[in-house]
$ cat data_34.pdb   # PDB, C-alpha atoms, pLDDT in the B column
ATOM      1  CA  MET G   1       0.000   0.000   0.000  1.00 39.00           C
ATOM      2  CA  CYS G   2       1.104   3.543  -0.614  1.00 41.00           C
ATOM      3  CA  ILE G   3       0.235   6.762   1.124  1.00 42.00           C
ATOM      4  CA  TRP G   4       1.699  10.199   1.504  1.00 41.00           C
ATOM      5  CA  ILE G   5       1.640  11.637   4.991  1.00 39.00           C
ATOM      6  CA  GLU G   6       3.474  14.801   5.930  1.00 38.00           C
ATOM      7  CA  ASN G   7       5.659  14.411   9.037  1.00 36.00           C
ATOM      8  CA  GLY G   8       4.501  10.886   9.783  1.00 40.00           C
ATOM      9  CA  ILE G   9       2.182   9.123  12.138  1.00 40.00           C
ATOM     10  CA  GLN G  10       3.200  10.729  15.453  1.00 38.00           C
ATOM     11  CA  LYS G  11       2.224  14.235  14.307  1.00 38.00           C
ATOM     12  CA  SER G  12      -1.248  13.025  13.363  1.00 42.00           C
ATOM     13  CA  GLY G  13      -1.936  12.218  17.010  1.00 48.00           C
ATOM     14  CA  ILE G  14      -3.071   8.668  16.212  1.00 51.00           C
ATOM     15  CA  GLU G  15      -1.548   5.933  18.357  1.00 56.00           C
ATOM     16  CA  ALA G  16       0.012   2.934  16.591  1.00 57.00           C
ATOM     17  CA  ASN G  17      -0.550   0.275  19.231  1.00 58.00           C
ATOM     18  CA  ASP G  18      -0.995  -2.743  16.974  1.00 55.00           C
ATOM     19  CA  PHE G  19       2.446  -2.769  15.393  1.00 60.00           C
ATOM     20  CA  ASP G  20       6.046  -1.744  16.014  1.00 60.00           C
ATOM     21  CA  ASP G  21       7.646   1.427  14.742  1.00 68.00           C
ATOM     22  CA  TYR G  22       9.397   1.029  11.416  1.00 73.00           C
ATOM     23  CA  VAL G  23      11.654   3.092   9.210  1.00 78.00           C
ATOM     24  CA  VAL G  24       9.647   4.843   6.522  1.00 81.00           C
ATOM     25  CA  PRO G  25      10.827   3.602   3.111  1.00 86.00           C
ATOM     26  CA  PRO G  26      12.259   6.141   0.661  1.00 91.00           C
ATOM     27  CA  LEU G  27      10.091   8.334  -1.531  1.00 91.00           C
ATOM     28  CA  GLN G  28       9.504   6.909  -4.990  1.00 93.00           C
ATOM     29  CA  GLY G  29       7.991   8.371  -8.104  1.00 92.00           C
ATOM     30  CA  TYR G  30       6.483   7.043 -11.304  1.00 91.00           C
ATOM     31  CA  TRP G  31       7.427   9.185 -14.282  1.00 92.00           C
ATOM     32  CA  THR G  32       6.258   9.330 -17.887  1.00 90.00           C
ATOM     33  CA  ILE G  33       5.557  11.983 -20.529  1.00 89.00           C
ATOM     34  CA  ASN G  34       2.194  13.379 -21.576  1.00 90.00           C
ATOM     35  CA  GLU G  35       0.277  12.090 -24.621  1.00 90.00           C
ATOM     36  CA  ARG G  36       1.375  14.978 -26.862  1.00 90.00           C
ATOM     37  CA  ALA G  37       5.046  14.241 -26.192  1.00 88.00           C
ATOM     38  CA  GLN G  38       4.488  10.509 -26.724  1.00 86.00           C
ATOM     39  CA  LYS G  39       2.979  11.200 -30.162  1.00 89.00           C
ATOM     40  CA  LEU G  40       5.810  13.543 -31.154  1.00 88.00           C
ATOM     41  CA  GLY G  41       8.560  11.321 -29.779  1.00 82.00           C
ATOM     42  CA  THR G  42      10.331  14.288 -28.171  1.00 84.00           C
ATOM     43  CA  TRP G  43       9.695  16.037 -24.883  1.00 84.00           C
ATOM     44  CA  THR G  44      10.722  18.736 -22.440  1.00 87.00           C
ATOM     45  CA  LYS G  45      10.621  18.699 -18.635  1.00 86.00           C
ATOM     46  CA  ALA G  46       7.319  20.602 -18.761  1.00 89.00           C
ATOM     47  CA  GLU G  47       5.726  17.525 -20.375  1.00 90.00           C
ATOM     48  CA  LEU G  48       6.622  15.122 -17.559  1.00 89.00           C
ATOM     49  CA  VAL G  49       3.757  13.449 -15.708  1.00 90.00           C
ATOM     50  CA  TYR G  50       4.413  11.878 -12.309  1.00 89.00           C
ATOM     51  CA  ARG G  51       2.972  10.289  -9.180  1.00 90.00           C
ATOM     52  CA  LEU G  52       4.891  10.219  -5.881  1.00 90.00           C
ATOM     53  CA  GLU G  53       4.533   7.396  -3.367  1.00 91.00           C
ATOM     54  CA  ILE G  54       5.730   6.076  -0.045  1.00 89.00           C
ATOM     55  CA  VAL G  55       5.319   2.341   0.539  1.00 88.00           C
ATOM     56  CA  ILE G  56       3.529   1.243   3.708  1.00 87.00           C
ATOM     57  CA  PRO G  57       4.399  -2.229   4.984  1.00 84.00           C
ATOM     58  CA  GLU G  58       1.663  -4.867   4.821  1.00 81.00           C
ATOM     59  CA  PHE G  59       1.629  -5.270   8.615  1.00 80.00           C
ATOM     60  CA  VAL G  60       0.170  -1.764   9.105  1.00 83.00           C
ATOM     61  CA  PRO G  61      -3.606  -2.228   9.560  1.00 84.00           C
ATOM     62  CA  ASP G  62      -5.857  -0.791   6.836  1.00 87.00           C
ATOM     63  CA  ALA G  63      -8.096   0.880   9.426  1.00 87.00           C
ATOM     64  CA  PHE G  64      -5.095   2.710  10.876  1.00 85.00           C
ATOM     65  CA  ILE G  65      -4.004   3.862   7.421  1.00 87.00           C
ATOM     66  CA  GLN G  66      -7.495   5.132   6.559  1.00 91.00           C
ATOM     67  CA  GLU G  67      -7.824   6.929   9.904  1.00 90.00           C
ATOM     68  CA  THR G  68      -4.388   8.526   9.533  1.00 87.00           C
ATOM     69  CA  LEU G  69      -5.101   9.663   5.975  1.00 90.00           C
ATOM     70  CA  ALA G  70      -8.457  11.210   6.971  1.00 92.00           C
ATOM     71  CA  ALA G  71      -6.910  12.988   9.981  1.00 91.00           C
ATOM     72  CA  THR G  72      -4.015  14.301   7.900  1.00 89.00           C
ATOM     73  CA  GLN G  73      -6.289  15.567   5.125  1.00 91.00           C
ATOM     74  CA  THR G  74      -8.443  17.360   7.718  1.00 92.00           C
ATOM     75  CA  ALA G  75      -5.465  18.877   9.525  1.00 92.00           C
ATOM     76  CA  LYS G  76      -3.766  19.937   6.285  1.00 91.00           C
ATOM     77  CA  ALA G  77      -6.911  21.018   4.406  1.00 91.00           C
ATOM     78  CA  GLY G  78      -5.196  24.152   3.015  1.00 91.00           C
ATOM     79  CA  VAL G  79      -2.166  22.287   1.639  1.00 90.00           C
ATOM     80  CA  GLU G  80      -2.149  22.155  -2.160  1.00 89.00           C
ATOM     81  CA  ARG G  81      -3.249  18.759  -3.533  1.00 87.00           C
ATOM     82  CA  ILE G  82      -3.799  17.177  -0.092  1.00 89.00           C
ATOM     83  CA  ASP G  83      -7.227  16.076  -1.316  1.00 88.00           C
ATOM     84  CA  GLN G  84      -5.516  14.107  -4.114  1.00 88.00           C
ATOM     85  CA  VAL G  85      -3.622  11.856  -1.708  1.00 88.00           C
ATOM     86  CA  SER G  86      -4.857   8.292  -2.003  1.00 88.00           C
ATOM     87  CA  ILE G  87      -4.025   4.758  -0.990  1.00 89.00           C
ATOM     88  CA  GLY G  88      -3.403   2.022  -3.527  1.00 87.00           C
ATOM     89  CA  THR G  89      -1.427  -1.098  -4.262  1.00 85.00           C
ATOM     90  CA  ILE G  90       1.587  -1.666  -6.476  1.00 82.00           C
ATOM     91  CA  ALA G  91       0.990  -4.469  -8.951  1.00 83.00           C
ATOM     92  CA  PRO G  92       3.770  -7.056  -9.248  1.00 88.00           C
ATOM     93  CA  ALA G  93       5.813  -6.747 -12.423  1.00 92.00           C
ATOM     94  CA  LYS G  94       8.969  -8.043 -14.044  1.00 96.00           C
ATOM     95  CA  ILE G  95      11.472  -5.221 -13.849  1.00 96.00           C
ATOM     96  CA  CYS G  96      15.004  -4.131 -14.594  1.00 97.00           C
ATOM     97  CA  HIS G  97      16.645  -1.534 -12.409  1.00 96.00           C
ATOM     98  CA  ILE G  98      19.923   0.300 -12.027  1.00 97.00           C
ATOM     99  CA  LEU G  99      21.496   2.478  -9.355  1.00 98.00           C
ATOM    100  CA  HIS G 100      22.068   5.965 -10.765  1.00 98.00           C
ATOM    101  CA  VAL G 101      24.634   8.092  -8.930  1.00 98.00           C
ATOM    102  CA  GLY G 102      24.654  11.766  -9.852  1.00 98.00           C
ATOM    103  CA  PRO G 103      22.300  14.597 -10.792  1.00 97.00           C
ATOM    104  CA  TYR G 104      18.782  13.810 -11.948  1.00 95.00           C
ATOM    105  CA  ASP G 105      19.550  15.570 -15.242  1.00 94.00           C
ATOM    106  CA  ASP G 106      22.198  12.905 -16.006  1.00 96.00           C
ATOM    107  CA  GLU G 107      19.827   9.932 -15.608  1.00 95.00           C
ATOM    108  CA  GLN G 108      19.722   9.332 -19.373  1.00 94.00           C
ATOM    109  CA  ASN G 109      23.220   7.802 -19.191  1.00 96.00           C
ATOM    110  CA  SER G 110      21.966   5.210 -16.707  1.00 97.00           C
ATOM    111  CA  PHE G 111      18.842   4.569 -18.800  1.00 96.00           C
ATOM    112  CA  ASP G 112      21.077   3.969 -21.844  1.00 97.00           C
ATOM    113  CA  THR G 113      23.126   1.429 -19.851  1.00 97.00           C
ATOM    114  CA  MET G 114      19.966  -0.273 -18.600  1.00 97.00           C
ATOM    115  CA  HIS G 115      18.429  -0.437 -22.089  1.00 96.00           C
ATOM    116  CA  ALA G 116      21.619  -1.984 -23.509  1.00 97.00           C
ATOM    117  CA  PHE G 117      21.426  -4.632 -20.750  1.00 97.00           C
ATOM    118  CA  ILE G 118      17.740  -5.288 -21.452  1.00 97.00           C
ATOM    119  CA  ASN G 119      18.382  -5.696 -25.189  1.00 95.00           C
ATOM    120  CA  ALA G 120      21.419  -7.933 -24.615  1.00 96.00           C
ATOM    121  CA  HIS G 121      19.277 -10.281 -22.522  1.00 95.00           C
ATOM    122  CA  GLY G 122      16.447 -10.679 -25.032  1.00 95.00           C
ATOM    123  CA  ALA G 123      13.930  -8.512 -23.224  1.00 96.00           C
ATOM    124  CA  VAL G 124      11.971  -5.379 -24.114  1.00 96.00           C
ATOM    125  CA  ARG G 125      10.753  -2.427 -22.109  1.00 95.00           C
ATOM    126  CA  THR G 126       6.960  -2.611 -21.817  1.00 95.00           C
ATOM    127  CA  SER G 127       6.089   1.001 -20.939  1.00 91.00           C
ATOM    128  CA  LYS G 128       7.351   4.554 -21.244  1.00 87.00           C
ATOM    129  CA  THR G 129       6.677   4.906 -17.511  1.00 92.00           C
ATOM    130  CA  HIS G 130       9.549   4.354 -15.109  1.00 95.00           C
ATOM    131  CA  ARG G 131       9.921   4.356 -11.330  1.00 94.00           C
ATOM    132  CA  GLU G 132      12.533   6.303  -9.394  1.00 95.00           C
ATOM    133  CA  ILE G 133      13.348   5.414  -5.794  1.00 95.00           C
ATOM    134  CA  TYR G 134      15.152   8.283  -4.082  1.00 96.00           C
ATOM    135  CA  LEU G 135      17.824   6.955  -1.724  1.00 96.00           C
ATOM    136  CA  SER G 136      19.298  10.404  -1.031  1.00 95.00           C
ATOM    137  CA  ASP G 137      17.754  13.569   0.332  1.00 93.00           C
ATOM    138  CA  ALA G 138      18.207  16.099  -2.491  1.00 93.00           C
ATOM    139  CA  ARG G 139      18.019  18.919   0.053  1.00 94.00           C
ATOM    140  CA  ARG G 140      21.109  17.635   1.881  1.00 96.00           C
ATOM    141  CA  THR G 141      23.154  15.794  -0.753  1.00 97.00           C
ATOM    142  CA  ALA G 142      25.411  17.278  -3.404  1.00 97.00           C
ATOM    143  CA  PRO G 143      23.967  16.607  -6.894  1.00 97.00           C
ATOM    144  CA  GLU G 144      26.964  14.471  -7.936  1.00 97.00           C
ATOM    145  CA  LYS G 145      26.376  12.198  -4.907  1.00 98.00           C
ATOM    146  CA  LEU G 146      22.607  11.679  -5.270  1.00 97.00           C
ATOM    147  CA  LYS G 147      21.610   8.006  -5.390  1.00 97.00           C
ATOM    148  CA  THR G 148      18.453   7.008  -7.248  1.00 97.00           C
ATOM    149  CA  ILE G 149      17.223   3.575  -8.313  1.00 97.00           C
ATOM    150  CA  LEU G 150      15.769   3.741 -11.841  1.00 97.00           C
ATOM    151  CA  GLU G 151      13.341   0.960 -12.699  1.00 96.00           C
ATOM    152  CA  VAL G 152      11.412  -0.046 -15.827  1.00 96.00           C
ATOM    153  CA  THR G 153       9.001  -2.887 -16.526  1.00 96.00           C
ATOM    154  CA  ILE G 154      10.181  -5.513 -18.996  1.00 97.00           C
ATOM    155  CA  ALA G 155       9.019  -8.649 -20.787  1.00 96.00           C
ATOM    156  CA  GLU G 156      10.830 -11.366 -22.664  1.00 91.00           C
ATOM    157  CA  GLU G 157      10.941 -10.620 -26.365  1.00 84.00           C
ATOM    158  CA  ALA G 158       8.487 -12.753 -28.322  1.00 68.00           C
TER     159      ALA G 158
END
$ encode --input "data_34.pdb" --output "structure tokens"
Amino acid sequence: MCIWIENGIQKSGIEANDFDDYVVPPLQGYWTINERAQKLGTWTKAELVYRLEIVIPEFVPDAFIQETLAATQTAKAGVERIDQVSIGTIAPAKICHILHVGPYDDEQNSFDTMHAFINAHGAVRTSKTHREIYLSDARRTAPEKLKTILEVTIAEEA
């Protein structure tokens, strides 16, 4: 399950008695380009479309998640897009991923390496969407030291 909660459970004032504390997994985002850019085959940063997520472990009760989300949306009612926060599941998929070290603007080099690997192993990328898992805090890490996992869905070539 995925949910976005600003400043975590403790700030919401809801007690988590049914499970132990856990480290919140890193932020991840799904990125693609809009339909216009897909048709043209070229794009700019303004044409990126994304969804950000934080994974919630399966042991966290659904009722607790729903209660926390409702309380957070009420408390943060004036925050832009808070009403768009939702809970969902990540479907299993066959993937290929690579650790990218460096600025986000240099990710294409890592994608090129990953695509060469995919092709060399008889697979194909199945979507223009990709996932990024942010292992570094961009506010506190020099751009050349940022660590990001880049992930694409694949299938064996027919």
$ resolve_selection --input "data_34.pdb" --expression "the PyMOL selection byres ((chain G and resi 144) around 7)" --output "ChimeraX atom specification"
/G:101-103,142-143,145-146
$ atom_distance --input "data_34.pdb" --atom1 "atom CA of Glu35 of chain G" --atom2 "atom CA of Ile90 of chain G"
22.8 Å
$ residues_near_point --input "data_34.pdb" --point "(5.5, -9.3, -17.6)" --cutoff "7 Å" --atoms "all atoms listed in the file" --output "JSON, numbers by chain"
{"G": [93, 94, 154, 155]}
$ write_last_selection --input "data_34.pdb" --atoms "C-alpha atoms" --output "mmCIF file, in the frame of the given file"
data_model
loop_
_atom_site.group_PDB
_atom_site.id
_atom_site.type_symbol
_atom_site.label_atom_id
_atom_site.label_comp_id
_atom_site.auth_asym_id
_atom_site.auth_seq_id
_atom_site.Cartn_x
_atom_site.Cartn_y
_atom_site.Cartn_z
ATOM 1 C CA ALA G 93 5.813 -6.747 -12.423
ATOM 2 C CA LYS G 94 8.969 -8.043 -14.044
ATOM 3 C CA ILE G 154 10.181 -5.513 -18.996
ATOM 4 C CA ALA G 155 9.019 -8.649 -20.787
#
$ resolve_selection --input "data_34.pdb" --expression "the PyMOL selection byres ((chain G and resi 51) around 10)" --output "mmCIF file with C-alpha atoms, keeping the file's coordinate frame"
data_model
loop_
_atom_site.group_PDB
_atom_site.id
_atom_site.type_symbol
_atom_site.label_atom_id
_atom_site.label_comp_id
_atom_site.auth_asym_id
_atom_site.auth_seq_id
_atom_site.Cartn_x
_atom_site.Cartn_y
_atom_site.Cartn_z
ATOM 1 C CA GLN G 28 9.504 6.909 -4.990
ATOM 2 C CA GLY G 29 7.991 8.371 -8.104
ATOM 3 C CA TYR G 30 6.483 7.043 -11.304
ATOM 4 C CA TRP G 31 7.427 9.185 -14.282
ATOM 5 C CA THR G 32 6.258 9.330 -17.887
ATOM 6 C CA VAL G 49 3.757 13.449 -15.708
ATOM 7 C CA TYR G 50 4.413 11.878 -12.309
ATOM 8 C CA LEU G 52 4.891 10.219 -5.881
ATOM 9 C CA GLU G 53 4.533 7.396 -3.367
ATOM 10 C CA ARG G 131 9.921 4.356 -11.330
#
$ resolve_selection --input "data_34.pdb" --expression "the PyMOL selection byres ((chain G and resi 153) around 12)" --output "list of chain:residue names"
G:Tyr30, G:Ala91, G:Pro92, G:Ala93, G:Lys94, G:Ile95, G:Cys96, G:His97, G:Met114, G:His115, G:Ile118, G:Ala123, G:Val124, G:Arg125, G:Thr126, G:Ser127, G:Lys128, G:Thr129, G:His130, G:Arg131, G:Leu150, G:Glu151, G:Val152, G:Ile154, G:Ala155, G:Glu156
$ atom_distance --input "data_34.pdb" --atom1 "atom CA of Asp62 of chain G" --atom2 "atom CA of Thr89 of chain G"
12.0 Å
$ atom_distance --input "data_34.pdb" --atom1 "atom CA of Phe111 of chain G" --atom2 "atom CA of Gly88 of chain G"
27.1 Å
$ closest_residue --input "data_34.pdb" --among "G:Phe64, G:Tyr104, G:Phe117, G:Tyr22" --to "Thr148 of chain G" --atoms "all atoms listed in the file"
G:Tyr104
$ closest_residue --input "data_34.pdb" --among "G:Ala46, G:Thr68, G:Ser86, G:Ile56" --to "Pro26 of chain G" --atoms "only C-alpha atoms"
G:Ile56
